[in-house]
Amino acid sequence: MEILSSRVLIRSRDPERVRAFYRDVLGLAVYREFPGGTVFFLGQGFLEVSGTASEDPTDATQLWMQVRDVAQAAEELAEHVVRPARREPWGLDEVWIADPDGRRIVLVGIPADHPLRRDVRE
């Protein structure tokens, strides 16, 4: 099987409110819109907000988004922070926020000295 494209789908009890959050609060660029849905650019992938859900999301699914500056993101999104920024034992800086449905979004920063930023072939 060859995967040509992919996206994460989000269903919400209030899709308009959630779309506004990803568009206006997080500032994700719109890839395309269609009746009842919006697809956003999400780094190297896509995030689609469409349809409705009859249940609230669970912690079983979370979004992981790498940002350039975790402290700045935490400051800009202070009213949405559910866990303050901190360095995790695995060496990444993380702050957790939530969208209007309560869906957890992990904003991640990779410190300059982290192995993900270094050439480990040396």
# chains A, B, ... in the order shown; residues from 1 in each chain; ligands from 1
$ select_by_dssp --residues "chain A" --states "helix (DSSP H, G or I)" --output "PyMOL selection string"
chain A and resi 15-25+70-76+78-80
$ select_by_dssp --residues "chain A" --states "strand (DSSP E or B)" --output "PyMOL selection string"
chain A and resi 8-12+30-34+37-42+45-52+63-66+81-87+93-98+104-109
$ closest_atom_pairs --of "segment 13-36 of chain A" --to "segment 52-69 of chain A" --cutoff "10 Å" --atoms "only C-alpha atoms" --output "CSV"
residue,atom,partner,partner_atom,distance
A:Arg13,CA,A:Ala53,CA,5.0
A:Asp14,CA,A:Thr52,CA,7.0
A:Pro15,CA,A:Thr52,CA,6.4
A:Glu16,CA,A:Thr52,CA,9.9
A:Gly36,CA,A:Thr52,CA,9.3
$ write_last_selection --atoms "N, CA, C and O atoms" --output "PDB file, in the first residue's frame"
ATOM      1  N   ARG A  13     -19.089  18.509  18.815  1.00  0.00           N
ATOM      2  CA  ARG A  13     -20.482  18.893  19.075  1.00  0.00           C
ATOM      3  C   ARG A  13     -20.755  20.293  18.540  1.00  0.00           C
ATOM      4  O   ARG A  13     -21.880  20.629  18.225  1.00  0.00           O
ATOM      5  N   ASP A  14     -19.707  21.108  18.447  1.00  0.00           N
ATOM      6  CA  ASP A  14     -19.825  22.489  17.978  1.00  0.00           C
ATOM      7  C   ASP A  14     -18.712  22.760  16.960  1.00  0.00           C
ATOM      8  O   ASP A  14     -17.727  23.442  17.252  1.00  0.00           O
ATOM      9  N   PRO A  15     -18.858  22.233  15.742  1.00  0.00           N
ATOM     10  CA  PRO A  15     -17.773  22.343  14.764  1.00  0.00           C
ATOM     11  C   PRO A  15     -17.390  23.784  14.411  1.00  0.00           C
ATOM     12  O   PRO A  15     -16.215  24.059  14.184  1.00  0.00           O
ATOM     13  N   GLU A  16     -18.325  24.697  14.388  1.00  0.00           N
ATOM     14  CA  GLU A  16     -17.988  26.085  14.063  1.00  0.00           C
ATOM     15  C   GLU A  16     -17.053  26.690  15.109  1.00  0.00           C
ATOM     16  O   GLU A  16     -16.094  27.379  14.781  1.00  0.00           O
ATOM     17  N   GLY A  36     -19.595  22.374   5.301  1.00  0.00           N
ATOM     18  CA  GLY A  36     -19.544  21.594   6.534  1.00  0.00           C
ATOM     19  C   GLY A  36     -18.163  21.238   7.023  1.00  0.00           C
ATOM     20  O   GLY A  36     -18.027  20.486   7.998  1.00  0.00           O
TER      21      GLY A  36
END
$ residues_around --residues "Val70 of chain A" --least-positions-apart "3" --cutoff "9 Å" --atoms "only C-alpha atoms" --output "PyMOL selection string"
chain A and resi 66-67+73-75+85-86+93-95+107-110
$ residues_around --residues "Trp96 of chain A" --least-positions-apart "4" --cutoff "7 Å" --atoms "only C-alpha atoms" --output "PyMOL selection string"
chain A and resi 81-84+104-107
